[in-house]
>>> print(open('upload-v2.cif').read())   # mmCIF, C-alpha atoms and all ligand atoms
data_protein
#
loop_
_atom_site.label_atom_id
_atom_site.label_comp_id
_atom_site.auth_asym_id
_atom_site.auth_seq_id
_atom_site.Cartn_x
_atom_site.Cartn_y
_atom_site.Cartn_z
CA PHE A 1 12.82 32.48 -16.10
CA LEU A 2 11.03 35.26 -17.84
CA VAL A 3 8.01 34.44 -19.94
CA ASP A 4 6.46 37.19 -22.03
CA LYS A 5 3.37 37.52 -24.16
CA GLY A 6 5.25 38.04 -27.41
CA ASN A 7 2.85 39.53 -29.94
CA HIS A 8 -0.23 38.36 -28.10
CA ARG A 9 -2.71 40.42 -26.13
CA HIS A 10 -2.92 37.89 -23.32
CA PHE A 11 -0.95 34.91 -22.06
CA MET A 12 -4.03 32.82 -22.67
CA GLU A 13 -4.07 33.74 -26.35
CA LYS A 14 -0.38 32.94 -26.62
CA GLU A 15 -0.86 29.62 -24.86
CA ILE A 16 -3.77 28.67 -27.11
CA HIS A 17 -1.57 29.35 -30.12
CA GLU A 18 1.35 27.33 -28.76
CA GLN A 19 -0.70 24.16 -28.78
CA PRO A 20 0.31 22.63 -32.13
CA GLU A 21 3.93 22.85 -31.01
CA VAL A 22 3.59 21.65 -27.42
CA ILE A 23 1.24 18.80 -28.34
CA ALA A 24 3.82 17.63 -30.89
CA HIS A 25 6.58 17.97 -28.34
CA THR A 26 4.66 16.03 -25.68
CA LEU A 27 3.57 13.24 -28.01
CA ALA A 28 7.10 12.79 -29.33
CA HIS A 29 8.22 12.05 -25.78
CA TYR A 30 5.93 9.00 -25.60
CA LEU A 31 5.43 7.80 -29.14
CA ASP A 32 7.74 6.71 -31.90
CA PHE A 33 6.07 8.24 -34.94
CA ALA A 34 8.54 6.86 -37.46
CA GLY A 35 8.27 3.29 -36.18
CA GLY A 36 4.55 3.52 -35.38
CA GLY A 37 5.09 2.24 -31.82
CA VAL A 38 5.28 3.41 -28.23
CA LYS A 39 8.60 4.56 -26.81
CA SER A 40 9.93 2.66 -23.83
CA PHE A 41 9.41 5.38 -21.23
CA ASP A 42 9.46 4.54 -17.51
CA THR A 43 6.17 3.92 -15.76
CA PRO A 44 5.50 2.87 -12.19
CA ILE A 45 2.18 1.43 -13.35
CA ASP A 46 2.24 -2.04 -14.87
CA PHE A 47 -0.77 -1.73 -17.16
CA ALA A 48 -0.78 -5.46 -17.96
CA LYS A 49 -1.10 -6.41 -14.29
CA ILE A 50 -3.63 -3.98 -12.86
CA ASP A 51 -7.38 -4.46 -13.10
CA ARG A 52 -8.46 -0.94 -12.06
CA LEU A 53 -7.05 2.52 -12.39
CA ALA A 54 -8.08 5.33 -10.05
CA VAL A 55 -7.72 8.78 -11.60
CA SER A 56 -8.31 12.02 -9.73
CA ALA A 57 -7.72 15.71 -10.33
CA CYS A 58 -9.38 19.14 -10.08
CA GLY A 59 -10.85 21.53 -12.63
CA THR A 60 -9.71 21.22 -16.21
CA ALA A 61 -7.24 18.45 -15.28
CA TYR A 62 -10.19 16.42 -13.97
CA LEU A 63 -11.95 16.81 -17.32
CA ALA A 64 -8.82 15.55 -19.09
CA GLY A 65 -9.05 12.51 -16.81
CA LEU A 66 -12.67 11.97 -17.75
CA ILE A 67 -11.72 11.82 -21.42
CA GLY A 68 -8.83 9.51 -20.50
CA LYS A 69 -11.33 7.12 -18.91
CA TYR A 70 -13.10 6.66 -22.26
CA TRP A 71 -9.79 5.86 -23.93
CA PHE A 72 -8.43 3.46 -21.30
CA GLU A 73 -11.70 1.57 -21.17
CA ARG A 74 -12.21 1.46 -24.94
CA TYR A 75 -8.70 0.68 -26.14
CA ALA A 76 -7.16 -1.13 -23.16
CA ARG A 77 -10.34 -2.58 -21.60
CA LEU A 78 -9.05 -1.21 -18.31
CA PRO A 79 -11.78 0.03 -15.92
CA VAL A 80 -11.11 3.55 -14.66
CA ASP A 81 -12.58 5.22 -11.59
CA ILE A 82 -12.43 8.95 -11.99
CA ASP A 83 -13.03 11.40 -9.19
CA ILE A 84 -12.83 15.06 -8.40
CA ALA A 85 -9.91 15.10 -5.96
CA SER A 86 -11.81 16.96 -3.21
CA GLU A 87 -14.29 14.05 -3.21
CA PHE A 88 -11.77 11.28 -3.64
CA ARG A 89 -9.69 12.33 -0.65
CA TYR A 90 -12.62 11.92 1.73
CA ARG A 91 -14.67 9.17 0.19
CA GLU A 92 -12.56 6.31 1.53
CA MET A 93 -12.38 4.36 -1.67
CA PRO A 94 -10.90 0.89 -1.18
CA LEU A 95 -7.93 0.29 -3.45
CA THR A 96 -7.04 -3.31 -4.10
CA LYS A 97 -3.53 -4.62 -4.68
CA ALA A 98 -4.25 -4.89 -8.38
CA SER A 99 -5.03 -1.21 -8.78
CA ALA A 100 -2.93 1.87 -9.40
CA ALA A 101 -3.48 5.59 -9.01
CA LEU A 102 -2.98 8.27 -11.63
CA PHE A 103 -3.17 11.99 -10.83
CA VAL A 104 -3.38 14.89 -13.24
CA SER A 105 -2.17 18.37 -12.40
CA GLN A 106 -0.63 21.24 -14.31
CA SER A 107 0.98 22.76 -11.21
CA GLY A 108 1.57 19.62 -9.17
CA GLU A 109 0.59 21.64 -6.10
CA THR A 110 -3.22 21.56 -5.96
CA ALA A 111 -4.09 20.82 -2.31
CA ASP A 112 -6.92 18.36 -2.88
CA THR A 113 -5.06 16.42 -5.58
CA LEU A 114 -1.99 16.21 -3.37
CA ALA A 115 -4.10 14.98 -0.44
CA SER A 116 -5.59 12.31 -2.72
CA LEU A 117 -2.10 11.23 -3.71
CA ARG A 118 -1.15 10.88 -0.05
CA TYR A 119 -4.29 8.84 0.59
CA CYS A 120 -3.21 6.43 -2.17
CA ARG A 121 0.27 6.29 -0.68
CA LYS A 122 -1.26 5.00 2.56
CA GLU A 123 -3.30 2.47 0.59
CA GLY A 124 -0.03 1.17 -0.86
CA VAL A 125 -0.75 1.32 -4.60
CA PRO A 126 1.66 2.51 -7.32
CA ILE A 127 1.31 6.24 -7.97
CA ALA A 128 1.93 8.19 -11.16
CA THR A 129 1.16 11.81 -12.02
CA ILE A 130 0.67 13.58 -15.33
CA VAL A 131 2.25 16.90 -14.41
CA ASN A 132 3.57 20.04 -16.07
CA VAL A 133 5.84 21.31 -13.29
CA ARG A 134 8.54 18.69 -12.87
CA ASP A 135 9.90 19.88 -9.55
CA SER A 136 6.48 20.17 -7.90
CA THR A 137 5.40 18.46 -4.69
CA MET A 138 3.24 15.92 -6.50
CA ALA A 139 6.05 15.07 -8.90
CA ARG A 140 8.34 14.44 -5.94
CA GLU A 141 5.84 12.32 -4.04
CA SER A 142 4.85 10.13 -7.00
CA ASP A 143 6.55 6.86 -7.89
CA GLY A 144 6.92 8.21 -11.39
CA ILE A 145 5.68 11.07 -13.54
CA PHE A 146 4.42 11.52 -17.08
CA PRO A 147 5.54 15.06 -17.88
CA THR A 148 3.45 17.30 -20.12
CA LEU A 149 5.91 19.32 -22.15
CA ALA A 150 3.66 22.37 -22.35
CA GLY A 151 6.17 24.87 -20.98
CA PRO A 152 5.13 27.40 -18.33
CA GLU A 153 1.40 28.12 -18.33
CA ILE A 154 0.62 31.60 -17.02
CA GLY A 155 -3.04 32.18 -17.89
CA VAL A 156 -5.13 31.10 -14.92
CA ALA A 157 -7.49 29.07 -17.10
CA SER A 158 -5.62 26.01 -18.31
CA THR A 159 -5.37 25.55 -22.10
CA LYS A 160 -2.15 24.04 -23.43
CA ALA A 161 -1.61 21.91 -20.33
CA PHE A 162 -5.05 20.38 -20.96
CA THR A 163 -4.36 19.30 -24.55
CA CYS A 164 -0.95 17.96 -23.49
CA GLN A 165 -2.64 15.98 -20.67
CA LEU A 166 -5.04 14.56 -23.26
CA SER A 167 -2.14 13.66 -25.54
CA ILE A 168 -0.54 11.68 -22.72
CA PHE A 169 -3.80 9.92 -21.84
CA ALA A 170 -4.14 8.83 -25.46
CA ALA A 171 -0.53 7.63 -25.61
CA LEU A 172 -0.91 5.75 -22.31
CA ALA A 173 -4.16 4.14 -23.44
CA VAL A 174 -2.42 2.89 -26.59
CA ARG A 175 0.49 1.56 -24.55
CA ALA A 176 -1.90 -0.10 -22.09
CA GLY A 177 -3.86 -1.59 -24.99
CA LEU A 178 -0.68 -3.11 -26.43
CA GLU A 179 0.47 -4.46 -23.06
CA ARG A 180 -2.93 -5.91 -22.25
CA GLY A 181 -3.30 -7.42 -25.71
CA THR A 182 -6.49 -5.52 -26.48
CA LEU A 183 -4.88 -3.63 -29.36
CA SER A 184 -2.90 -5.37 -32.08
CA PRO A 185 0.36 -3.69 -33.13
CA GLU A 186 -1.42 -2.67 -36.35
CA GLU A 187 -4.31 -1.07 -34.47
CA ALA A 188 -1.87 0.67 -32.15
CA SER A 189 0.09 1.99 -35.15
CA SER A 190 -3.04 3.39 -36.69
CA HIS A 191 -3.87 5.22 -33.43
CA ILE A 192 -0.32 6.53 -33.28
CA ARG A 193 -0.62 7.74 -36.87
CA ALA A 194 -3.81 9.54 -35.88
CA LEU A 195 -2.06 11.13 -32.91
CA SER A 196 0.86 12.22 -35.07
CA GLU A 197 -1.62 14.32 -37.04
CA ALA A 198 -3.04 16.11 -34.01
CA PRO A 199 -0.59 19.05 -34.15
CA ARG A 200 -1.36 19.70 -37.83
CA TYR A 201 -5.12 19.64 -37.22
CA ALA A 202 -4.70 21.84 -34.15
CA ALA A 203 -2.90 24.37 -36.38
CA GLN A 204 -5.80 24.22 -38.85
CA ALA A 205 -8.29 24.77 -36.02
CA LEU A 206 -6.43 27.96 -35.05
CA LYS A 207 -7.23 29.34 -38.49
CA LEU A 208 -10.91 29.47 -37.49
CA GLU A 209 -10.17 32.23 -35.02
CA GLU A 210 -11.84 35.06 -36.95
CA ARG A 211 -15.05 33.09 -37.30
CA ILE A 212 -14.96 32.17 -33.62
CA GLU A 213 -14.30 35.76 -32.59
CA LYS A 214 -17.56 36.69 -34.30
CA VAL A 215 -19.49 33.98 -32.47
CA GLY A 216 -17.81 35.11 -29.24
CA ARG A 217 -19.13 38.65 -29.75
CA GLU A 218 -22.66 37.21 -30.04
CA LEU A 219 -22.20 35.08 -26.95
CA SER A 220 -21.07 38.08 -24.95
CA GLN A 221 -24.69 39.31 -25.12
CA VAL A 222 -26.29 36.31 -23.43
CA ARG A 223 -26.63 35.24 -19.81
CA HIS A 224 -26.80 31.45 -20.06
CA VAL A 225 -25.20 28.92 -22.38
CA LEU A 226 -25.62 25.16 -22.61
CA TYR A 227 -22.88 22.94 -24.05
CA LEU A 228 -23.68 19.44 -25.32
CA GLY A 229 -21.51 16.56 -26.46
CA ARG A 230 -21.36 12.77 -26.52
CA ASP A 231 -18.63 10.27 -25.76
CA THR A 232 -15.22 11.97 -25.42
CA ASN A 233 -16.83 15.23 -26.49
CA TYR A 234 -19.07 15.17 -23.44
CA PRO A 235 -16.23 16.03 -21.01
CA LEU A 236 -15.17 18.58 -23.61
CA ALA A 237 -18.65 20.14 -23.40
CA MET A 238 -18.07 20.46 -19.65
CA GLU A 239 -14.67 21.99 -20.31
CA GLY A 240 -16.27 24.49 -22.70
CA ALA A 241 -18.78 25.48 -20.04
CA LEU A 242 -16.08 25.70 -17.38
CA LYS A 243 -13.87 27.92 -19.54
CA LEU A 244 -16.77 30.21 -20.46
CA LYS A 245 -17.87 30.75 -16.87
CA GLU A 246 -14.30 31.19 -15.61
CA LEU A 247 -13.44 33.82 -18.19
CA SER A 248 -16.64 35.63 -19.08
CA TYR A 249 -18.75 35.05 -15.93
CA ILE A 250 -21.60 33.87 -18.15
CA HIS A 251 -23.49 31.00 -16.60
CA ALA A 252 -22.76 27.85 -18.59
CA GLU A 253 -23.42 24.16 -18.17
CA GLY A 254 -21.97 21.18 -19.99
CA TYR A 255 -24.18 18.17 -20.45
CA ALA A 256 -24.12 14.78 -22.13
CA ALA A 257 -26.33 15.31 -25.18
CA GLY A 258 -28.34 12.20 -24.34
CA GLU A 259 -29.20 13.71 -20.96
CA LEU A 260 -30.87 16.75 -22.55
CA LYS A 261 -34.33 15.26 -22.10
CA HIS A 262 -33.70 14.63 -18.42
CA GLY A 263 -33.54 18.23 -17.36
CA PRO A 264 -31.77 20.92 -19.38
CA ILE A 265 -34.38 20.87 -22.15
CA ALA A 266 -36.64 22.74 -19.71
CA LEU A 267 -34.29 25.73 -19.98
CA ILE A 268 -34.35 26.02 -23.76
CA ASP A 269 -35.84 29.18 -25.25
CA GLU A 270 -34.77 31.86 -27.77
CA GLN A 271 -32.46 33.41 -25.18
CA MET A 272 -30.38 30.31 -24.62
CA PRO A 273 -27.66 29.41 -27.11
CA VAL A 274 -26.76 25.72 -27.21
CA ILE A 275 -23.24 24.89 -28.29
CA VAL A 276 -23.04 21.38 -29.69
CA ILE A 277 -19.62 19.76 -30.01
CA ALA A 278 -20.15 16.97 -32.50
CA PRO A 279 -17.76 15.68 -35.13
CA CYS A 280 -19.54 13.43 -37.64
CA ASP A 281 -18.79 10.13 -35.87
CA ARG A 282 -20.73 6.91 -35.33
CA ILE A 283 -23.12 8.55 -32.85
CA PHE A 284 -23.58 11.80 -34.74
CA GLU A 285 -27.17 10.95 -35.75
CA LYS A 286 -28.15 10.72 -32.07
CA THR A 287 -26.84 14.22 -31.51
CA VAL A 288 -28.75 15.45 -34.57
CA SER A 289 -32.00 14.35 -32.93
CA ASN A 290 -31.01 16.26 -29.78
CA MET A 291 -30.43 19.34 -31.92
CA GLN A 292 -33.85 18.92 -33.52
CA GLU A 293 -35.37 18.91 -30.04
CA VAL A 294 -33.55 22.14 -29.23
CA ALA A 295 -34.53 23.75 -32.56
CA ALA A 296 -38.19 22.78 -32.08
CA ARG A 297 -38.18 24.84 -28.88
CA GLY A 298 -36.69 27.89 -30.50
CA GLY A 299 -33.19 27.29 -29.10
CA ARG A 300 -30.24 28.78 -30.98
CA ILE A 301 -27.72 26.15 -32.00
CA ILE A 302 -24.05 26.74 -32.56
CA LEU A 303 -22.67 23.51 -33.96
CA ILE A 304 -18.96 22.75 -33.90
CA THR A 305 -18.55 19.92 -36.39
CA ASP A 306 -16.78 18.87 -39.59
CA GLU A 307 -17.93 19.32 -43.21
CA GLU A 308 -19.85 16.07 -43.30
CA GLY A 309 -21.52 16.94 -39.99
CA ALA A 310 -22.52 20.39 -41.24
CA VAL A 311 -24.25 18.82 -44.23
CA ARG A 312 -25.89 16.02 -42.30
CA ALA A 313 -27.22 18.20 -39.50
CA SER A 314 -29.38 20.03 -42.08
CA LEU A 315 -31.39 22.06 -39.60
CA ASP A 316 -33.26 25.20 -40.58
CA SER A 317 -31.49 27.59 -38.31
CA PHE A 318 -28.14 26.94 -36.82
CA GLU A 319 -24.66 28.35 -36.98
CA THR A 320 -21.68 26.17 -37.65
CA ILE A 321 -18.01 26.29 -36.92
CA VAL A 322 -16.62 23.88 -39.48
CA MET A 323 -13.57 21.97 -38.32
CA PRO A 324 -11.19 19.79 -40.30
CA THR A 325 -12.23 16.13 -40.52
CA VAL A 326 -10.12 14.31 -37.93
CA PRO A 327 -9.67 10.69 -36.78
CA GLU A 328 -12.05 9.88 -33.91
CA LEU A 329 -9.30 9.35 -31.32
CA ILE A 330 -7.93 12.87 -31.61
CA ALA A 331 -11.24 14.72 -31.88
CA PRO A 332 -11.31 16.00 -28.26
CA ILE A 333 -7.71 17.22 -28.56
CA VAL A 334 -8.41 19.17 -31.75
CA TYR A 335 -11.90 20.35 -30.78
CA ALA A 336 -10.52 21.72 -27.51
CA LEU A 337 -9.07 24.63 -29.49
CA PRO A 338 -12.30 26.17 -30.83
CA VAL A 339 -13.84 25.63 -27.39
CA GLN A 340 -11.01 27.56 -25.74
CA MET A 341 -11.02 30.29 -28.39
CA LEU A 342 -14.76 30.74 -27.99
CA ALA A 343 -14.45 31.34 -24.25
CA TYR A 344 -11.46 33.60 -24.82
CA HIS A 345 -13.13 35.81 -27.43
CA THR A 346 -16.38 36.03 -25.50
CA ALA A 347 -14.42 37.26 -22.50
CA VAL A 348 -12.40 39.72 -24.59
CA ALA A 349 -15.65 41.09 -26.05
CA MET A 350 -16.94 41.56 -22.52
CA GLY A 351 -13.73 43.19 -21.34
CA THR A 352 -13.02 40.83 -18.44
CA ASP A 353 -9.51 40.13 -17.15
CA VAL A 354 -8.77 37.03 -19.22
CA ASP A 355 -5.45 36.05 -17.67
CA GLN A 356 -6.55 36.75 -14.12
CA PRO A 357 -10.31 36.13 -13.82
CA ARG A 358 -11.89 37.36 -10.61
CA ASN A 359 -11.82 35.02 -7.59
CA LEU A 360 -9.71 32.37 -9.32
CA ALA A 361 -6.12 31.30 -8.71
CA LYS A 362 -3.69 29.51 -10.99
CA SER A 363 -2.91 26.93 -8.41
CA VAL A 364 -5.20 26.26 -5.49
CA THR A 365 -2.95 25.26 -2.64
CA VAL A 366 -5.56 25.63 0.10
CA GLU A 367 -8.64 23.50 0.53
C1 LIG B 1 -7.37 26.00 -10.93
C2 LIG B 1 -7.09 26.53 -12.33
C3 LIG B 1 -7.56 25.51 -13.38
C4 LIG B 1 -6.94 24.17 -13.12
C5 LIG B 1 -7.19 23.68 -11.69
C6 LIG B 1 -6.36 22.47 -11.35
O1 LIG B 1 -8.74 25.97 -10.72
O2 LIG B 1 -7.74 27.75 -12.54
O3 LIG B 1 -7.23 25.97 -14.69
O4 LIG B 1 -7.46 23.24 -14.03
O5 LIG B 1 -6.83 24.69 -10.76
O6 LIG B 1 -5.00 22.84 -11.30
P1 LIG B 1 -3.81 21.86 -11.51
O7 LIG B 1 -2.58 22.70 -11.35
O8 LIG B 1 -3.91 20.80 -10.43
O9 LIG B 1 -3.96 21.27 -12.86
#
>>> encode(input="upload-v2.cif", output="structure tokens")
Amino acid sequence: FLVDKGNHRHFMEKEIHEQPEVIAHTLAHYLDFAGGGVKSFDTPIDFAKIDRLAVSACGTAYLAGLIGKYWFERYARLPVDIDIASEFRYREMPLTKASAALFVSQSGETADTLASLRYCRKEGVPIATIVNVRDSTMARESDGIFPTLAGPEIGVASTKAFTCQLSIFAALAVRAGLERGTLSPEEASSHIRALSEAPRYAAQALKLEERIEKVGRELSQVRHVLYLGRDTNYPLAMEGALKLKELSYIHAEGYAAGELKHGPIALIDEQMPVIVIAPCDRIFEKTVSNMQEVAARGGRIILITDEEGAVRASLDSFETIVMPTVPELIAPIVYALPVQMLAYHTAVAMGTDVDQPRNLAKSVTVE
């Protein structure tokens, strides 16, 4: 059916703005907000029985999987192997009887992810896919699917599908935690309450657009950008870098903040903005010392944090994008929005083709 841009300049802008609604829609499919529990949706994966979960995907979907790994391991104590699908399909990973495979794909047609799925089929493990297109090849070949209810995504760079994938990972981790007895019903309810607030916080994050547009105009003048984050915000730093390079063709790298000393610090000078994604959480102080290292070398810091973080960072020269204070679980879902908007507005300032960046395809069906 026909999808149009409505009042938006680009599909990507429209899709960024749809996120509060589609995240709410997706979460409501899996979680019972009123009762504070998980809905009894079908799953081919018995989370109580498995002892390993193999996740693979490409691009932005892979980065959603990387965040999912933190959640499954933390809340359900379930070890997760996560691979880029083009590596997984050839690396001959042994899958034991007690493991299951989970794929992530907006289109459900990505060649490498599909080949990985078929590899797992031969290995004889249960297969599930988090997928946006319900009648796709991967959906058909899986034992069961976890649909993202993002609606059609037209912009080549994935935005709303990503936050919906994250929403499902969080919901699945809570379900797995309950089934494995690593989360009490009370703990699970408090996570579900946190998730129920994600759409509202996402809507608040959208209100920062004007501020982000300004930062985007500054970024459009530079050639290299480094993104840093810790914990679940580390994959988000990689997603920020991926989005920026895809859309604006500016060279960007995403790094774990703790890894700064092991390489990227050598690149820091006045020409190199460093975007730090750091809500004020239990490891915030560690990130502050990384920022001090950057500042001491003349690096320009753009800190995406909350009010408490902005106060505590207390550096001499840095810019902040001040986000609402959100529960830790949902931080990468909510912080994804400023990260996407920043890439979008940088690209718009540079005049690139945002919905159809050069050399990229919406769904990569060849190897
Ligand atoms: C392409 C798109 C990305 C997407 C990736 C995986 O590279 O440009 O936005 O994340 O494919 O696509 P999939 O449909 O499998 O999620």
>>> closest_residue(input="upload-v2.cif", among="A:Arg282, A:Arg211, A:Arg217, A:His224", to="His251 (chain A)", atoms="only C-alpha atoms")
A:His224
>>> residues_near_ligand(input="upload-v2.cif", ligand="ligand LIG 1 (chain B)", cutoff="7 Å", atoms="only C-alpha atoms and all ligand atoms", output="list of chain:residue names")
A:Ala57, A:Cys58, A:Gly59, A:Thr60, A:Ala61, A:Val104, A:Ser105, A:Gln106, A:Ser107, A:Gly108, A:Glu109, A:Thr110, A:Thr113, A:Val156, A:Ala157, A:Ser158, A:Leu360, A:Ala361, A:Lys362, A:Ser363, A:Val364
>>> atom_distance(input="upload-v2.cif", atom1="CA of Ser190 (chain A)", atom2="CA of Gly240 (chain A)")
28.6 Å
>>> closest_residue(input="upload-v2.cif", among="A:Gly36, A:Pro126, A:Gly299, A:Pro327", to="Ala100 (chain A)", atoms="only C-alpha atoms")
A:Pro126
>>> atom_distance(input="upload-v2.cif", atom1="CA of Asp143 (chain A)", atom2="CA of Ile330 (chain A)")
28.4 Å
>>> closest_residue(input="upload-v2.cif", among="A:Ala256, A:Ala85, A:Ala266, A:Val133", to="Ala115 (chain A)", atoms="all atoms listed in the file")
A:Ala85
